[in-house]
Structure formats: structure tokens, C-alpha cells
>>> print(open('coords-v1.cif').read())   # mmCIF, C-alpha atoms
data_input
#
loop_
_atom_site.label_atom_id
_atom_site.label_comp_id
_atom_site.auth_asym_id
_atom_site.auth_seq_id
_atom_site.Cartn_x
_atom_site.Cartn_y
_atom_site.Cartn_z
CA MET E 29 -60.63 -3.62 106.61
CA THR E 30 -57.67 -2.62 108.75
CA ARG E 31 -55.29 0.12 107.71
CA ARG E 32 -52.52 -2.41 107.28
CA ALA E 33 -54.63 -4.55 104.94
CA ARG E 34 -55.51 -1.50 102.88
CA VAL E 35 -51.84 -0.59 102.49
CA TRP E 36 -51.03 -4.13 101.40
CA ARG E 37 -53.86 -4.07 98.90
CA ILE E 38 -52.68 -0.76 97.41
CA CYS E 39 -49.09 -2.02 97.20
CA LEU E 40 -50.28 -5.18 95.47
CA THR E 41 -52.30 -3.15 92.99
CA ALA E 42 -49.33 -0.90 92.26
CA LEU E 43 -47.17 -3.97 91.74
CA VAL E 44 -49.64 -5.54 89.30
CA VAL E 45 -50.01 -2.31 87.33
CA GLY E 46 -46.24 -1.73 87.35
CA LEU E 47 -45.50 -5.27 86.18
CA ALA E 48 -48.08 -5.03 83.41
CA LEU E 49 -46.63 -1.73 82.21
CA SER E 50 -43.01 -2.90 82.31
CA GLN E 51 -43.97 -6.12 80.52
CA ALA E 52 -45.73 -4.12 77.81
CA VAL E 53 -42.77 -1.76 77.34
CA CYS E 54 -40.09 -4.44 77.39
CA SER E 55 -41.98 -6.59 74.92
CA SER E 56 -41.68 -3.93 72.23
CA ALA E 57 -38.09 -3.58 71.02
CA SER E 58 -35.72 -6.36 72.03
CA LEU E 59 -38.26 -9.17 72.09
CA ARG E 60 -39.60 -8.12 68.73
CA ASP E 61 -36.08 -8.10 67.31
CA ARG E 62 -35.40 -11.58 68.67
CA GLU E 63 -38.72 -12.94 67.44
CA ARG E 64 -38.05 -11.46 64.01
CA GLU E 65 -34.66 -13.16 63.86
CA ARG E 66 -36.15 -16.50 64.93
CA GLU E 67 -38.90 -16.17 62.35
CA PHE E 68 -36.32 -15.31 59.70
CA GLN E 69 -34.30 -18.43 60.54
CA ARG E 70 -37.42 -20.58 60.15
CA GLU E 71 -38.30 -18.82 56.89
CA ARG E 72 -34.79 -19.33 55.60
CA THR E 73 -34.73 -23.03 56.51
CA VAL E 74 -37.85 -23.67 54.44
CA GLY E 75 -36.60 -21.48 51.58
CA ARG E 76 -33.27 -23.25 51.56
CA ALA E 77 -34.94 -26.66 51.35
CA ALA E 78 -37.32 -25.54 48.59
CA THR E 79 -34.36 -24.11 46.63
CA ALA E 80 -32.49 -27.40 47.03
CA ARG E 81 -35.60 -29.17 45.67
CA LEU E 82 -35.69 -26.96 42.56
CA ALA E 83 -31.93 -27.33 42.13
CA ARG E 84 -32.33 -31.13 42.15
CA ASP E 85 -35.21 -30.96 39.65
CA PHE E 86 -33.56 -28.70 37.09
CA GLY E 87 -29.89 -28.29 37.98
CA ILE E 88 -28.22 -24.89 38.34
CA ILE E 89 -25.75 -23.02 36.16
CA ARG E 90 -22.52 -22.57 38.10
CA ASP E 91 -21.12 -19.43 36.49
CA PRO E 92 -19.81 -17.14 39.27
CA GLN E 93 -19.68 -14.02 37.06
CA SER E 94 -23.32 -14.34 35.98
CA ILE E 95 -24.52 -15.05 39.51
CA ARG E 96 -22.52 -12.12 40.88
CA TYR E 97 -24.28 -9.77 38.45
CA LEU E 98 -27.72 -11.21 39.30
CA ASN E 99 -26.96 -10.95 43.03
CA LEU E 100 -25.95 -7.29 42.60
CA LEU E 101 -29.15 -6.55 40.70
CA ALA E 102 -31.21 -8.27 43.42
CA ALA E 103 -29.32 -6.38 46.14
CA ALA E 104 -29.96 -3.08 44.35
CA LEU E 105 -33.68 -3.85 44.15
CA ALA E 106 -33.69 -4.91 47.81
CA GLN E 107 -32.43 -1.44 48.77
CA VAL E 108 -35.70 0.10 47.58
CA SER E 109 -37.91 -2.69 48.94
CA ALA E 110 -39.44 -3.09 52.39
CA ARG E 111 -36.86 -5.68 53.43
CA PRO E 112 -33.54 -4.00 52.58
CA GLU E 113 -31.71 -5.95 55.28
CA LEU E 114 -32.35 -9.28 53.59
CA GLN E 115 -29.53 -10.80 51.55
CA TYR E 116 -30.83 -12.33 48.33
CA HIS E 117 -29.25 -15.30 46.57
CA VAL E 118 -30.12 -15.72 42.90
CA ALA E 119 -29.79 -19.02 41.05
CA ILE E 120 -30.13 -19.79 37.34
CA LEU E 121 -32.05 -23.02 36.79
CA ASP E 122 -30.68 -24.88 33.78
CA VAL E 123 -33.92 -25.36 31.86
CA GLU E 124 -35.49 -24.01 28.65
CA ASP E 125 -38.79 -23.07 30.31
CA THR E 126 -39.41 -19.37 30.86
CA ASN E 127 -40.19 -18.94 34.54
CA ALA E 128 -38.88 -17.57 37.84
CA PHE E 129 -39.52 -18.51 41.45
CA ALA E 130 -39.37 -16.81 44.82
CA LEU E 131 -38.47 -18.88 47.83
CA PRO E 132 -38.77 -17.70 51.43
CA GLY E 133 -35.72 -16.24 53.10
CA GLY E 134 -34.33 -14.50 50.03
CA TYR E 135 -33.69 -17.26 47.47
CA LEU E 136 -34.69 -16.30 43.92
CA CYS E 137 -34.51 -18.73 41.01
CA ILE E 138 -34.76 -17.74 37.38
CA THR E 139 -34.58 -20.13 34.44
CA ARG E 140 -32.01 -20.00 31.66
CA GLY E 141 -34.90 -19.86 29.15
CA ALA E 142 -36.30 -16.75 30.82
CA ILE E 143 -33.00 -14.87 30.64
CA GLU E 144 -32.48 -15.92 27.02
CA ALA E 145 -35.93 -14.48 26.16
CA MET E 146 -35.23 -11.11 27.81
CA GLU E 147 -34.19 -8.06 25.83
CA SER E 148 -33.10 -5.59 28.51
CA GLU E 149 -31.90 -5.26 32.07
CA ALA E 150 -35.23 -3.55 32.81
CA GLU E 151 -37.08 -6.78 31.93
CA LEU E 152 -34.73 -8.80 34.11
CA ALA E 153 -35.10 -6.29 36.96
CA GLY E 154 -38.90 -6.36 36.59
CA VAL E 155 -39.05 -10.15 36.83
CA LEU E 156 -36.64 -10.28 39.80
CA ALA E 157 -38.58 -7.46 41.49
CA HIS E 158 -41.84 -9.40 41.05
CA GLU E 159 -40.27 -12.45 42.68
CA MET E 160 -38.72 -10.32 45.42
CA ALA E 161 -42.14 -8.85 46.18
CA HIS E 162 -43.41 -12.36 47.01
CA VAL E 163 -40.63 -12.59 49.62
CA VAL E 164 -41.10 -9.05 50.94
CA LEU E 165 -44.88 -9.40 51.23
CA LYS E 166 -44.47 -12.87 52.76
CA HIS E 167 -46.72 -14.58 50.28
CA ALA E 168 -45.46 -17.96 51.44
CA GLY E 169 -46.99 -17.17 54.84
CA ASN E 170 -45.54 -16.71 58.27
CA PHE E 171 -43.17 -19.24 59.67
CA GLN E 172 -44.21 -20.49 63.07
CA SER E 173 -42.02 -22.19 65.60
CA GLU E 174 -41.66 -25.95 65.39
CA GLY E 175 -40.89 -26.17 69.08
CA SER E 176 -37.50 -25.78 70.68
CA TRP E 177 -36.20 -29.31 70.09
CA MET E 178 -37.24 -29.43 66.48
CA GLU E 179 -35.90 -25.95 65.90
CA LEU E 180 -32.55 -26.79 67.46
CA VAL E 181 -32.13 -29.96 65.45
CA SER E 182 -33.41 -28.46 62.19
CA GLY E 183 -31.01 -25.56 62.59
CA LEU E 184 -28.04 -27.75 63.28
CA LEU E 185 -28.77 -30.42 60.71
CA GLY E 186 -30.26 -28.29 57.97
CA GLY E 187 -26.98 -27.87 56.12
CA ALA E 188 -26.43 -31.60 56.01
CA GLY E 189 -29.58 -32.24 54.05
CA PHE E 190 -31.58 -33.56 56.96
CA LEU E 191 -34.95 -31.91 57.28
CA SER E 192 -37.48 -32.02 60.02
CA ALA E 193 -40.80 -33.37 58.85
CA ALA E 194 -42.36 -29.92 59.26
CA VAL E 195 -39.72 -28.22 57.08
CA ALA E 196 -39.90 -30.98 54.46
CA ASN E 197 -43.70 -30.69 54.36
CA SER E 198 -43.52 -26.89 53.96
CA ALA E 199 -40.89 -27.21 51.22
CA GLU E 200 -42.98 -29.82 49.38
CA ALA E 201 -46.13 -27.70 49.62
CA LEU E 202 -44.24 -24.70 48.29
CA HIS E 203 -42.77 -26.79 45.48
CA ARG E 204 -46.27 -27.86 44.41
CA THR E 205 -47.49 -24.25 44.60
CA LEU E 206 -44.65 -22.98 42.43
CA LEU E 207 -44.76 -25.70 39.78
CA GLU E 208 -48.36 -26.90 39.74
CA ASN E 209 -51.05 -24.95 41.56
CA GLY E 210 -49.78 -21.36 41.55
CA ARG E 211 -50.46 -18.71 44.17
CA GLN E 212 -53.74 -16.87 44.63
CA LYS E 213 -54.51 -14.40 41.87
CA ASP E 214 -54.53 -11.40 44.23
CA LEU E 215 -51.06 -12.23 45.52
CA GLU E 216 -49.66 -12.41 41.99
CA LEU E 217 -51.23 -9.07 41.05
CA ASP E 218 -49.85 -7.47 44.24
CA ALA E 219 -46.41 -8.82 43.34
CA ASP E 220 -46.78 -7.38 39.82
CA ARG E 221 -47.59 -3.94 41.25
CA ALA E 222 -44.82 -4.10 43.85
CA GLY E 223 -42.34 -5.29 41.23
CA ALA E 224 -43.24 -2.36 38.96
CA LEU E 225 -42.75 0.02 41.89
CA TYR E 226 -39.36 -1.40 42.94
CA ALA E 227 -38.12 -1.44 39.34
CA ALA E 228 -39.26 2.14 38.65
CA THR E 229 -37.72 3.39 41.90
CA LEU E 230 -34.40 2.11 40.62
CA GLY E 231 -34.89 3.84 37.27
CA TYR E 232 -36.16 0.90 35.21
CA ASP E 233 -39.21 1.00 32.96
CA PRO E 234 -42.02 -0.37 35.19
CA GLN E 235 -43.81 -1.89 32.16
CA ALA E 236 -40.76 -3.83 30.98
CA ALA E 237 -41.75 -7.02 32.83
CA GLY E 238 -45.19 -6.79 31.20
CA ARG E 239 -43.62 -6.54 27.75
CA TYR E 240 -41.48 -9.60 28.48
CA LEU E 241 -44.57 -11.54 29.61
CA GLN E 242 -46.44 -10.51 26.47
CA ARG E 243 -43.58 -11.77 24.31
CA VAL E 244 -43.10 -15.16 25.99
CA SER E 245 -46.62 -16.12 27.10
CA ALA E 246 -47.60 -17.44 23.66
CA GLN E 247 -44.57 -19.74 23.53
CA SER E 248 -44.71 -23.37 24.58
CA SER E 249 -41.84 -22.77 27.00
CA ALA E 250 -44.19 -20.61 29.09
CA ALA E 251 -46.73 -23.39 29.73
CA GLY E 252 -45.72 -23.63 33.40
CA LEU E 253 -45.73 -19.86 33.81
CA ASN E 254 -49.22 -19.58 32.30
CA ARG E 255 -50.56 -22.48 34.39
CA THR E 256 -49.43 -20.99 37.71
CA HIS E 257 -50.18 -17.30 37.10
CA PRO E 258 -53.31 -15.21 36.41
CA ARG E 259 -54.38 -14.45 32.84
CA LEU E 260 -51.87 -12.24 31.03
CA ALA E 261 -54.54 -9.63 30.20
CA ASP E 262 -55.41 -9.25 33.91
CA ARG E 263 -51.76 -8.87 34.85
CA LEU E 264 -51.03 -6.28 32.17
CA ALA E 265 -54.14 -4.30 33.08
CA ALA E 266 -53.25 -4.30 36.81
CA ILE E 267 -49.69 -3.12 36.06
CA ALA E 268 -50.86 -0.44 33.63
CA ILE E 269 -53.41 1.00 36.08
CA PHE E 270 -50.91 0.98 38.93
CA VAL E 271 -48.21 2.63 36.81
CA GLU E 272 -50.66 5.29 35.65
CA GLU E 273 -52.05 5.98 39.14
CA ASN E 274 -48.58 6.37 40.61
CA LYS E 275 -46.97 8.14 37.67
CA LEU E 276 -44.15 5.62 37.51
CA HIS E 277 -41.63 5.80 34.71
CA GLY E 278 -38.15 4.59 33.82
CA ALA E 279 -35.89 3.43 31.02
CA ALA E 280 -35.41 0.11 29.21
CA THR E 281 -31.77 -0.17 30.22
CA ARG E 282 -29.49 -2.47 28.21
CA SER E 283 -26.40 -2.47 30.42
CA PRO E 284 -23.11 -4.07 29.29
CA GLU E 285 -23.42 -6.48 32.23
CA PHE E 286 -26.82 -7.69 30.99
CA MET E 287 -25.51 -8.21 27.46
CA GLU E 288 -22.52 -10.10 28.86
CA LEU E 289 -24.89 -12.34 30.87
CA LYS E 290 -26.78 -13.19 27.66
CA ARG E 291 -23.53 -13.89 25.79
CA ARG E 292 -22.24 -16.16 28.55
CA LEU E 293 -25.47 -18.20 28.55
CA GLU E 294 -25.44 -18.48 24.76
CA ARG E 295 -21.82 -19.70 24.76
CA ARG E 296 -22.68 -22.63 27.03
CA MET U 9 -59.26 4.62 102.15
CA SER U 10 -62.94 3.63 102.13
CA GLY U 11 -64.33 0.59 100.32
CA HIS U 12 -65.82 2.87 97.67
CA SER U 13 -62.46 4.58 97.05
CA LEU U 14 -60.76 1.25 96.81
CA ARG U 15 -63.25 0.04 94.21
CA LEU U 16 -62.64 3.23 92.24
CA PHE U 17 -58.90 2.67 92.49
CA TRP U 18 -59.21 -0.88 91.12
CA LEU U 19 -61.46 0.34 88.33
CA ALA U 20 -59.01 3.12 87.43
CA SER U 21 -56.15 0.60 87.35
CA LEU U 22 -58.12 -1.69 85.09
CA LEU U 23 -58.96 1.18 82.74
CA LEU U 24 -55.30 2.22 82.69
CA LEU U 25 -54.28 -1.30 81.73
CA ILE U 26 -56.89 -1.43 78.97
CA CYS U 27 -55.71 1.94 77.61
CA VAL U 28 -52.04 0.86 77.65
CA ALA U 29 -52.91 -2.41 75.88
CA ALA U 30 -55.02 -0.59 73.29
CA GLY U 31 -52.26 1.95 72.68
CA LEU U 32 -49.71 -0.78 72.14
CA ASN U 33 -52.02 -2.65 69.81
CA ALA U 34 -52.72 0.42 67.60
CA ARG U 35 -51.28 -0.53 64.21
CA GLN U 36 -47.81 0.93 63.98
CA TRP U 37 -45.65 0.74 60.89
CA PHE U 38 -42.01 1.55 60.23
CA VAL U 39 -40.54 3.01 57.07
CA ALA U 40 -38.37 0.23 55.66
CA SER U 41 -37.31 1.69 52.34
CA PRO U 42 -35.67 4.98 51.34
CA ALA U 43 -38.19 5.19 48.50
CA ALA U 44 -41.19 5.75 50.83
CA ARG U 45 -43.02 9.05 50.38
CA LEU U 46 -45.91 10.64 52.26
CA ASN U 47 -48.53 12.03 49.93
CA PRO U 48 -51.07 14.22 51.79
CA GLU U 49 -53.70 14.12 49.07
CA ALA U 50 -54.12 10.78 47.35
CA PRO U 51 -52.87 7.20 47.38
CA ALA U 52 -49.77 7.62 45.23
CA ASN U 53 -46.05 7.29 45.81
CA ALA U 54 -45.31 11.02 45.61
CA GLY U 55 -44.78 13.86 48.06
CA SER U 56 -42.18 14.27 50.78
CA ARG U 57 -39.67 11.52 51.53
CA LEU U 58 -39.98 9.70 54.84
CA PRO U 59 -36.85 8.86 56.81
CA LEU U 60 -35.87 5.22 57.23
CA GLY U 61 -37.22 3.81 60.46
CA ALA U 62 -39.83 6.57 60.92
CA GLN U 63 -42.76 5.29 62.96
CA LEU U 64 -46.19 5.77 61.40
CA GLU U 65 -49.62 5.30 62.89
CA GLN U 66 -52.19 3.72 60.59
CA ILE U 67 -55.50 5.55 60.44
CA GLY U 68 -56.94 4.03 57.29
CA GLU U 69 -56.35 1.84 54.27
CA SER U 70 -56.83 2.24 50.54
CA GLY U 71 -55.72 -0.77 48.50
CA LEU U 72 -51.95 -1.06 48.57
CA PHE U 73 -51.73 2.31 50.33
CA LEU U 74 -52.21 3.11 53.99
CA ARG U 75 -53.47 6.38 55.39
CA VAL U 76 -51.08 7.22 58.20
CA ARG U 77 -50.20 9.92 60.69
CA TYR U 78 -46.58 11.04 61.06
CA GLU U 79 -45.31 13.98 63.13
CA GLY U 80 -48.73 15.62 63.15
CA ARG U 81 -49.19 15.23 59.42
CA SER U 82 -51.43 12.68 57.75
CA GLY U 83 -51.22 11.25 54.27
CA TYR U 84 -50.90 8.15 52.14
CA VAL U 85 -47.90 5.89 51.94
CA SER U 86 -47.41 2.67 49.98
CA ARG U 87 -47.66 -0.47 52.13
CA LEU U 88 -44.89 -1.91 49.98
CA PHE U 89 -42.33 0.33 51.67
CA LEU U 90 -43.46 -0.32 55.23
CA SER U 91 -42.67 -3.00 57.72
CA GLU U 92 -44.29 -4.01 60.97
CA TYR U 93 -40.84 -4.10 62.52
CA PRO U 94 -38.30 -1.30 62.96
CA PRO U 95 -35.33 -1.59 60.57
CA SER U 96 -32.98 -4.26 61.79
CA ARG U 97 -29.57 -3.31 63.03
CA VAL U 98 -28.29 -6.71 62.03
CA ARG U 99 -28.04 -8.14 58.57
CA LEU U 100 -30.19 -11.21 58.25
CA GLU U 101 -27.96 -13.75 56.64
CA LEU U 102 -26.27 -17.04 57.12
CA GLN U 103 -25.55 -17.56 60.80
CA GLY U 104 -22.55 -19.41 62.18
CA SER U 105 -18.87 -19.54 61.46
CA GLU U 106 -17.34 -20.46 58.14
CA ASP U 107 -16.14 -23.74 59.61
CA SER U 108 -19.56 -24.71 60.92
CA ARG U 109 -21.08 -24.01 57.52
CA ARG U 110 -18.50 -26.11 55.72
CA SER U 111 -18.92 -29.21 57.85
CA PRO U 112 -22.65 -29.64 58.37
CA ARG U 113 -22.42 -33.42 58.21
CA ARG U 114 -20.01 -33.45 61.15
CA ARG U 115 -22.36 -31.21 63.16
CA ALA U 116 -25.29 -33.41 62.24
CA SER U 117 -23.45 -36.44 63.49
CA ASP U 118 -22.52 -34.61 66.72
CA VAL U 119 -26.13 -33.79 67.45
CA VAL U 120 -27.39 -37.29 66.78
CA GLU U 121 -24.65 -38.71 69.04
CA THR U 122 -25.49 -36.23 71.78
CA VAL U 123 -29.14 -37.14 71.63
CA ALA U 124 -28.24 -40.83 71.82
CA ALA U 125 -25.76 -40.25 74.66
CA ARG U 126 -28.47 -38.63 76.71
CA GLY U 127 -30.56 -41.72 76.30
CA LEU U 128 -33.24 -39.89 74.38
CA GLN U 129 -35.13 -41.81 71.80
CA ARG U 130 -36.04 -39.85 68.72
CA SER U 131 -39.73 -40.46 69.29
CA ALA U 132 -39.40 -39.44 72.93
CA VAL U 133 -38.45 -35.88 71.99
CA GLY U 134 -40.77 -35.68 69.02
CA LEU U 135 -37.74 -35.78 66.78
CA ARG U 136 -38.84 -36.95 63.38
CA LEU U 137 -36.07 -36.42 60.90
CA ARG U 138 -36.41 -36.96 57.22
CA GLY U 139 -33.25 -37.72 55.34
CA ALA U 140 -33.43 -36.04 51.97
CA PRO U 141 -30.64 -37.32 49.79
CA ALA U 142 -32.57 -37.89 46.59
CA GLU U 143 -34.92 -34.96 46.21
CA TYR U 144 -32.80 -32.08 47.53
CA ASP U 145 -29.50 -30.73 46.23
CA PHE U 146 -28.07 -28.82 49.19
CA SER U 147 -24.59 -28.66 47.66
CA ALA U 148 -26.10 -26.48 44.90
CA VAL U 149 -27.62 -24.18 47.52
CA GLN U 150 -24.29 -23.98 49.31
CA TRP U 151 -22.61 -22.96 46.04
CA ILE U 152 -25.30 -20.30 45.48
CA GLU U 153 -24.70 -18.91 48.99
CA GLU U 154 -20.96 -18.74 48.44
CA GLN U 155 -21.32 -16.29 45.52
CA GLN U 156 -20.72 -12.99 47.27
CA TYR U 157 -20.02 -9.39 46.30
CA ASP U 158 -18.55 -6.54 48.29
CA SER U 159 -20.34 -3.37 49.36
CA ALA U 160 -18.16 -1.24 47.04
CA ALA U 161 -19.41 -3.24 44.04
CA LEU U 162 -23.02 -2.70 45.16
CA ALA U 163 -22.40 1.03 45.62
CA ARG U 164 -20.99 1.26 42.07
CA PHE U 165 -23.91 -0.76 40.72
CA LEU U 166 -26.48 1.43 42.46
CA GLY U 167 -24.65 4.63 41.53
CA ALA U 168 -24.85 3.72 37.86
CA ARG U 169 -28.57 3.02 38.01
CA LEU U 170 -30.40 5.10 40.62
CA PRO U 171 -32.15 8.05 38.98
CA GLN U 172 -30.89 11.49 39.93
CA GLU U 173 -32.92 13.27 42.63
CA GLN U 174 -35.32 15.80 41.15
#
>>> encode(input="coords-v1.cif", output="C-alpha cells")
Amino acid sequence: MTRRARVWRICLTALVVGLALSQAVCSSASLRDREREREFQRERTVGRAATARLARDFGIIRDPQSIRYLNLLAAALAQVSARPELQYHVAILDVEDTNAFALPGGYLCITRGAIEAMESEAELAGVLAHEMAHVVLKHAGNFQSEGSWMELVSGLLGGAGFLSAAVANSAEALHRTLLENGRQKDLELDADRAGALYAATLGYDPQAAGRYLQRVSAQSSAAGLNRTHPRLADRLAAIAIFVEENKLHGAATRSPEFMELKRRLERR
Amino acid sequence: MSGHSLRLFWLASLLLLICVAAGLNARQWFVASPAARLNPEAPANAGSRLPLGAQLEQIGESGLFLRVRYEGRSGYVSRLFLSEYPPSRVRLELQGSEDSRRSPRRRASDVVETVAARGLQRSAVGLRLRGAPAEYDFSAVQWIEEQQYDSAALARFLGARLPQEQ
């Protein structure tokens, strides 16, 4: 090999190595940020559609003062969760059943019946924290790209009520999971533990959600909740062990805002 | 440079690339919650607080807790307070201007017209849209999204509830 060829070969090698290194470094921060934002937009599109589906099924209670309080409670819990940057939107579904739902992208739905059955802000915080944990831990899965055209059109038309087939299918599947099939047992128990942790970090009794579940699970209004969640005994045991292991504690707060929320729902 | 040296050089470059790739693929986590604590002894949320955004290297796993290394120290931290991504500098919320949010039907119509004007058939671009008038109530979702609060209200709310630091 001539000297000139050797020099060219070395230069080429250096170029390949340099390109590989720069590619690796550049791919870390900015690309990851952009990918995260794209993934969030896809997550939110599905969550928005699934929320619209629940809102059509049950109707929502349009009381700005109550929703403002629930949004503040969710925002406070978000501050101690692993996705503090996410803005949560809470809705009250106008139905007697005692249940709550987490939708991707930060939409949380809780039923009127559930709030009416609660006795303290700690119970409300525990239930919201459980639902929030499903969102934080991405229990609805990751949201892959639909392709640039579909993404563009879904993004632009989403607000109008037009859904791409992929988004509609995801929303339908989620709807069936929430109302009929339920999530995997392990995911629910993880959400119970995470909910207890978030609630306790904010000063609430981490066992309050368990007490609420114990009170309502025997009622007929909890049929849907029981059908889509693990056995109550398993849930209570998982929470109790986790609370004990991590020395979590808190108080069963009965804030004036919580009592006002109950009064406003009763007056309807 | 002899043929032997050149082979060595290529081999070294390949090894370097493999090392860089392996280093980048080592599981890294970021502290995403001010409640995260590093406990040197056991999987429990106790011990010293970790700063938001701190980068941790995973060296093991124990249920909901990860064994991690941080600034030369190792310990357990709850997976619930960690994220695979560094904390975002932007708030993830509704994108677009107020006007564009209020007139989605107009934007929808614009897009459909643009697609038609370009002579693109829906099927040609894999565009399968599903109108959803009956089963979805997007006006309810829009109302939910419009219910906002200010940061001062959140600060007051948190101030009244967060337990005092021990």
C-alpha cells in the first residue's frame, strides 16, 4: 500500500470514528427532548379521545369551583411524582358508581359517587394519586409514531373530533380496559404503592385510600371497580406492607375545600 | 504504517466504538421529584435528599427500588421518583395559540382542503380518518382543559399541606 493510500485510510477511519462519536453525543440531549415532546403529544391525543369517550358515556359535572380544587390537588400531587412537568386535568363524571380512571397525557376522571363516598381529603388524594401513578408509570404503554402524515393530520384535526384510525383504536382499547377488562394485577398494585407514596409525601395518610376502598367495595355501586381491579384483600395487604417497609405516615386531612366540594355535589 | 499496525488501528477503533455505545446504553436515570431520597442501606424512601435532575447510574434493582450510584455513593432510590429523561425545561401542555384551540373545525377544514388541493387522495397518503360525532364528547374535554389555576394558588395550596421538613 502506498503512503498516500495509508493516509487516506487513516483519515477515513478518523472520520468514521468522529462521526460515530458526534452522533452518539448529539443524540443524547436535544433529540431526546424532542422525542419526549412528540411522544407526549401522541400520548395526549389518545388520552384526550379516551376522556371524550368517557364524557360521552357518563356526562361531566361543569362546576368550575370544584374542578379548580381538584386540579390544584392533582397539581400538588404531581409536584412529588416523577412527572412534575405534566399538567393534569381532572373531570367529575356524573354517575353514581364509585370509580376513577386515569387516561394518558394527564386526564384524570373521578365519579360523583366516589367523591360522595369519601370522608376526607386524604382519601381523595389517595385515589387521585393512584390514578396519577398509572399515568406516571405509563401503564397505558408507550405511544409510538403513526407516521408523519397521520401525525400531522391527527394533531391538526384532533380538536375537531376527527380521529385517525390508530388513535380511535387506542382510545377504544383503553375504554374497554378501564370499564370491562381492567389492567394487569401487578400494574394496579404498583399504582397502589405509588399512590400511597405520593400521598404520604404530601402529608396525607397513605392508608386513607385503602380505608375508602374497604368502605365502598361491598356496595353495589362498586361493581365496576371490583370487576376491573385486583381483590381488595390483595390491595390492602400490598399497601400495608409498602407503608410499613417505607415508614410512611400522614394525616386524614378534612380541609374546608374538601368539605365545600362535598356540599356542592350534594346541592346539585 | 505496516499492515499489522493498520489492522490494530482498525481493531482499536472498533473497540472504542463498542465502549462508547456500551457507555451510552448503561441505564441512566434522572431524579424527577423533589421527594427522592438516597438510602445507602436498604430499599426505603429515607436518607439524604437527591437534587432534581441529578443523574444516577443503575447498578441493581430491588422491586420498586433501584440500586444506583451517585457522586461516588451508592444506595437505593424509589423508581417512582425517577425518570429516564432529564427534567423538562418546558411545560408539557396544550400546544398552539388560543385562537387555534378555539376553532378546531376551521383548521380541520383547512387541512382537508389543502390535501384535496394537492390532488392527494385520502387513501394515497394512508389517511384514514374516523369521524367521531356520536361516541366522543370533545366539547366536554375542551371545557375541562379551560379550567385553570394560577401558580400563586398552587403555592398556597402546597404551603398549607406539605409537611414541615424534619
>>> residues_around(input="coords-v1.cif", residues="Gly238 of chain E", least_positions_apart="3", cutoff="10 Å", atoms="all atoms listed in the file", output="count of residues only")
18
>>> axis_aligned_box(input="coords-v1.cif", around="segment 159-171 of chain U", padding_each_side="4 Å", output="JSON")
{"center_x": -25.2, "center_y": 2.3, "center_z": 43.6, "size_x": 22.0, "size_y": 19.4, "size_z": 19.5}
>>> atom_distance(input="coords-v1.cif", atom1="atom CA of Ile143 of chain E", atom2="atom CA of Arg282 of chain E")
13.1 Å
>>> atom_distance(input="coords-v1.cif", atom1="atom CA of Gln36 of chain U", atom2="atom CA of Gln115 of chain E")
25.0 Å
>>> closest_residue(input="coords-v1.cif", among="E:Ala201, E:Leu114, E:Val195, E:Ala227", to="Ala157 of chain E", atoms="all atoms listed in the file")
E:Ala227
>>> atom_distance(input="coords-v1.cif", atom1="atom CA of Arg57 of chain U", atom2="atom CA of Ala161 of chain U")
26.2 Å
>>> resolve_selection(input="coords-v1.cif", expression="the PyMOL selection byres ((chain E and resi 78) around 9)", output="PyMOL selection string")
(chain E and resi 73-77+79-83+131-132+196+198-200+202-203) or (chain U and resi 144)
>>> resolve_selection(input="coords-v1.cif", expression="the PyMOL selection byres ((chain U and resi 41) around 9)", output="PyMOL selection string")
(chain E and resi 106-112) or (chain U and resi 39-40+42-44+58-61+88-91)
>>> residues_around(input="coords-v1.cif", residues="Ala54 of chain U", least_positions_apart="2", cutoff="10 Å", atoms="all atoms listed in the file", output="list in words")
Asn274, Lys275 and Leu276 of chain E; Ala43, Ala44, Arg45, Leu46, Asn47, Pro48, Glu49, Ala50, Pro51, Ala52, Ser56, Arg57, Tyr84, Val85 and Ser86 of chain U
>>> closest_residue(input="coords-v1.cif", among="U:Ile67, U:Leu74, U:Gly80, U:Phe17", to="chain E", atoms="all atoms listed in the file")
U:Phe17
>>> closest_residue(input="coords-v1.cif", among="E:Thr30, E:Thr139, E:Thr229, E:Asn197", to="Gly278 of chain E", atoms="all atoms listed in the file")
E:Thr229
>>> resolve_selection(input="coords-v1.cif", expression="the PyMOL selection byres ((chain E and resi 124) around 6)", output="ChimeraX atom specification")
/E:123,125,141
>>> closest_residue(input="coords-v1.cif", among="U:Glu79, U:Glu65, U:Glu92, U:Glu143", to="chain E", atoms="all atoms listed in the file")
U:Glu143
>>> closest_residue(input="coords-v1.cif", among="E:Ala228, E:Ala193, E:Leu156, E:Leu289", to="chain U", atoms="all atoms listed in the file")
E:Ala193
>>> closest_residue(input="coords-v1.cif", among="E:Tyr116, E:Phe86, E:Tyr240, E:Phe171", to="Arg140 of chain E", atoms="only C-alpha atoms")
E:Phe86
>>> residues_around(input="coords-v1.cif", residues="Gln156 of chain U", least_positions_apart="4", cutoff="9 Å", atoms="only C-alpha atoms", output="JSON, numbers by chain")
{"E": [95, 96, 99, 117], "U": [152]}
>>> residues_near_point(input="coords-v1.cif", point="(-32.3, 3.8, 39.9)", cutoff="8 Å", atoms="all atoms listed in the file", output="JSON, numbers by chain")
{"E": [227, 228, 229, 230, 231, 232], "U": [166, 167, 168, 169, 170, 171, 172]}
>>> residues_around(input="coords-v1.cif", residues="Thr256 of chain E", least_positions_apart="6", cutoff="8 Å", atoms="only C-alpha atoms", output="tab-separated table (two decimals) with C-alpha atoms, keeping the file's coordinate frame")
chain	number	residue	atom	x	y	z
E	205	THR	CA	-47.49	-24.25	44.60
E	206	LEU	CA	-44.65	-22.98	42.43
E	207	LEU	CA	-44.76	-25.70	39.78
E	208	GLU	CA	-48.36	-26.90	39.74
E	209	ASN	CA	-51.05	-24.95	41.56
E	210	GLY	CA	-49.78	-21.36	41.55
E	211	ARG	CA	-50.46	-18.71	44.17
>>> residues_near_point(input="coords-v1.cif", point="(-24.2, -7.2, 45.2)", cutoff="7 Å", atoms="all atoms listed in the file", output="ChimeraX atom specification")
/E:96,99-101,103 /U:157-159,161-162
